[in-house]
Amino acid sequence: MRKIKRNILLNPGPGTTTDTVKYAQVVPDICPREDEFGHLMQFVSSELTSLVADIEQYTTILFGGSGTAAVESILSSVMNDGVIVIINNGAYGKRMCEIAEAYSLDWVEFLSPTDKPIQLDELQIFIQKFPRTVSYLAVVHNETTTGLLNDIETIGSICKENKITMMVDAMSSYAAIPIEMSKMNISYLAASSNKNLQGMAGVSFVVAKKGELEKEKKTKPINYYLNLYSQYKHFNETGQMRFTPPVQTIYALKQAILEVKEEGVKERYERYSLAWETLIAGISRLGLKHLVAAEHHSKIITAIVEPTCEAYDFDSMHDYLYANGITIYPGKLNYLNSFRVANIGDLTKDDIELFLTLLEKYLQSIGINSAN
């Protein structure tokens, strides 16, 4: 097997992949309507479900598209009565608000700071005092804007107490941070192939409680390609997606699933956590600060406050690192200049140490030798 040039991706997905995942895409051409490919998708669906739920009670619906496709599928397919509360404490909570608005859903925003934990007592009061029936709640598990980890288990308890259906965007937590959908009272969970699963970009999916899905059969659709029940029903009956799937990407996803099972979700998160601890120690040594306190951090992606030195320029720093095989990501905060570093994918703490060495060289080149 020819070795492929390895880039260190410190953006929050797609992540750095193994060569075995890359080469899994090199397969004979196949029509995705053949039984052979249907069996592959059934394997993928079942295995994705088993990472977070009981396959007897839950199922996974696959879509071609980025992670946002899965989130949009849930929001635009599930609601049939009552109000949805959307927790907005970052760019991806805000995106759910924008999707809800685009579909003219009956939604209300629960706004919370981007760098501090949700005040759960305030959320409870907000729900109970709302003048109309709250039937749904949507929340991002790991808010990729900052790395803030939302307490979905407690939020799930609040939803259970108030008979609310909970939807979770687990895009950057799934397959790393342990999730038990039944225990956490999650009815719908969205994720994708290209983050902690360490597969290729192009497949998004929804893990859903079968009983909740069946309730949607009488709901008049307001979407088409992303209709969750239609996709579920068609796959159940035929073993196929309704529309052409990203064939090679699904072969790669199968390989990625085998690799996460071999490593173990708990062990993968331990590897990520070690890389994160290395990152935090390094940026602290360089005089930089991160936003979210360690006890509320996902240890998956970190928003770092930019230096105030006049010579500093994010694009220049990005290009310097990129020329050395490392990719970082700009920030998504309106009120503070920041950049983001993820520590997911086929990475080790040695990769983070290389990044820190190059970052230090860049900062020294613009006159930053200590805290600013």
# chains A, B, ... in the order shown; residues from 1 in each chain; ligands from 1
$ residues_around --residues "stretch 241-256 of chain A" --least-positions-apart "4" --cutoff "9 Å" --atoms "only C-alpha atoms" --output "PyMOL selection string"
chain A and resi 17-18+20-27+29-33+37-38+40-41+43-44+47+61-65+193-194+197-203+225+230-232+234-235+260-261
$ select_by_dssp --residues "stretch 124-296 of chain A" --states "strand (DSSP E or B)" --output "MDAnalysis selection string"
chainID A and resid 134:140 142:143 148:149 165:169 188:192 203:209 290
$ write_last_selection --atoms "C-alpha atoms" --output "CSV table (one decimal), in the first residue's frame"
chain,number,residue,atom,x,y,z
A,134,VAL,CA,-43.2,23.1,24.9
A,135,SER,CA,-43.1,19.7,23.1
A,136,TYR,CA,-39.5,19.6,21.8
A,137,LEU,CA,-36.0,20.8,22.8
A,138,ALA,CA,-32.9,20.9,20.7
A,139,VAL,CA,-29.4,21.3,22.0
A,140,VAL,CA,-25.8,20.9,20.8
A,142,ASN,CA,-20.3,19.8,22.3
A,143,GLU,CA,-20.6,23.4,21.1
A,148,LEU,CA,-18.1,24.0,25.8
A,149,LEU,CA,-19.7,20.6,26.8
A,165,THR,CA,-38.9,15.2,23.1
A,166,MET,CA,-35.2,16.0,23.0
A,167,MET,CA,-33.0,16.4,19.9
A,168,VAL,CA,-29.2,16.5,20.2
A,169,ASP,CA,-26.6,17.7,17.8
A,188,TYR,CA,-33.1,12.0,18.0
A,189,LEU,CA,-29.3,12.4,17.7
A,190,ALA,CA,-27.4,13.9,14.7
A,191,ALA,CA,-23.8,13.1,13.8
A,192,SER,CA,-21.5,12.7,10.7
A,203,VAL,CA,-22.3,11.0,5.2
A,204,SER,CA,-24.5,12.4,7.9
A,205,PHE,CA,-26.9,10.4,10.0
A,206,VAL,CA,-29.7,10.5,12.5
A,207,VAL,CA,-29.9,7.9,15.3
A,208,ALA,CA,-33.6,7.9,16.3
A,209,LYS,CA,-35.9,6.1,18.7
A,290,HIS,CA,-8.5,29.5,26.2
$ closest_atom_pairs --of "stretch 199-317 of chain A" --to "stretch 339-355 of chain A" --cutoff "6 Å" --atoms "only C-alpha atoms" --output "tab-separated table"
residue	atom	partner	partner_atom	distance
A:Ala275	CA	A:Lys349	CA	4.4
A:Ile300	CA	A:Asn343	CA	5.7
A:Ile301	CA	A:Ala342	CA	4.0
A:Thr302	CA	A:Val341	CA	5.3
A:Ala303	CA	A:Arg340	CA	4.5
A:Ile304	CA	A:Phe339	CA	5.4
$ write_last_selection --atoms "C-alpha atoms" --output "PDB file, in the first residue's frame"
ATOM      1  CA  ALA A 275      -3.713  15.498  23.222  1.00  0.00           C
ATOM      2  CA  ILE A 300     -12.296  18.026  21.703  1.00  0.00           C
ATOM      3  CA  ILE A 301     -11.886  21.561  20.330  1.00  0.00           C
ATOM      4  CA  THR A 302     -10.522  24.693  21.968  1.00  0.00           C
ATOM      5  CA  ALA A 303     -11.197  28.373  21.299  1.00  0.00           C
ATOM      6  CA  ILE A 304      -7.966  30.288  21.948  1.00  0.00           C
TER       7      ILE A 304
END
$ atom_distance --atom1 "atom CA of A:Phe314" --atom2 "atom CA of A:Leu286"
16.3 Å
$ residues_around --residues "A:Glu56" --least-positions-apart "3" --cutoff "10 Å" --atoms "only C-alpha atoms" --output "VMD selection string"
chain A and resid 46 49 to 50 53 59 209 to 210
$ closest_residue --among "A:Leu51, A:Leu213, A:Leu9, A:Ile152" --to "A:Ile186" --atoms "only C-alpha atoms"
A:Ile152
$ residues_around --residues "A:Asn185" --least-positions-apart "5" --cutoff "8 Å" --atoms "only C-alpha atoms" --output "PyMOL selection string"
chain A and resi 153+156-157+159-160+166
$ closest_residue --among "A:His39, A:His318, A:Gly15, A:Ile74" --to "A:Asn227" --atoms "only C-alpha atoms"
A:Ile74
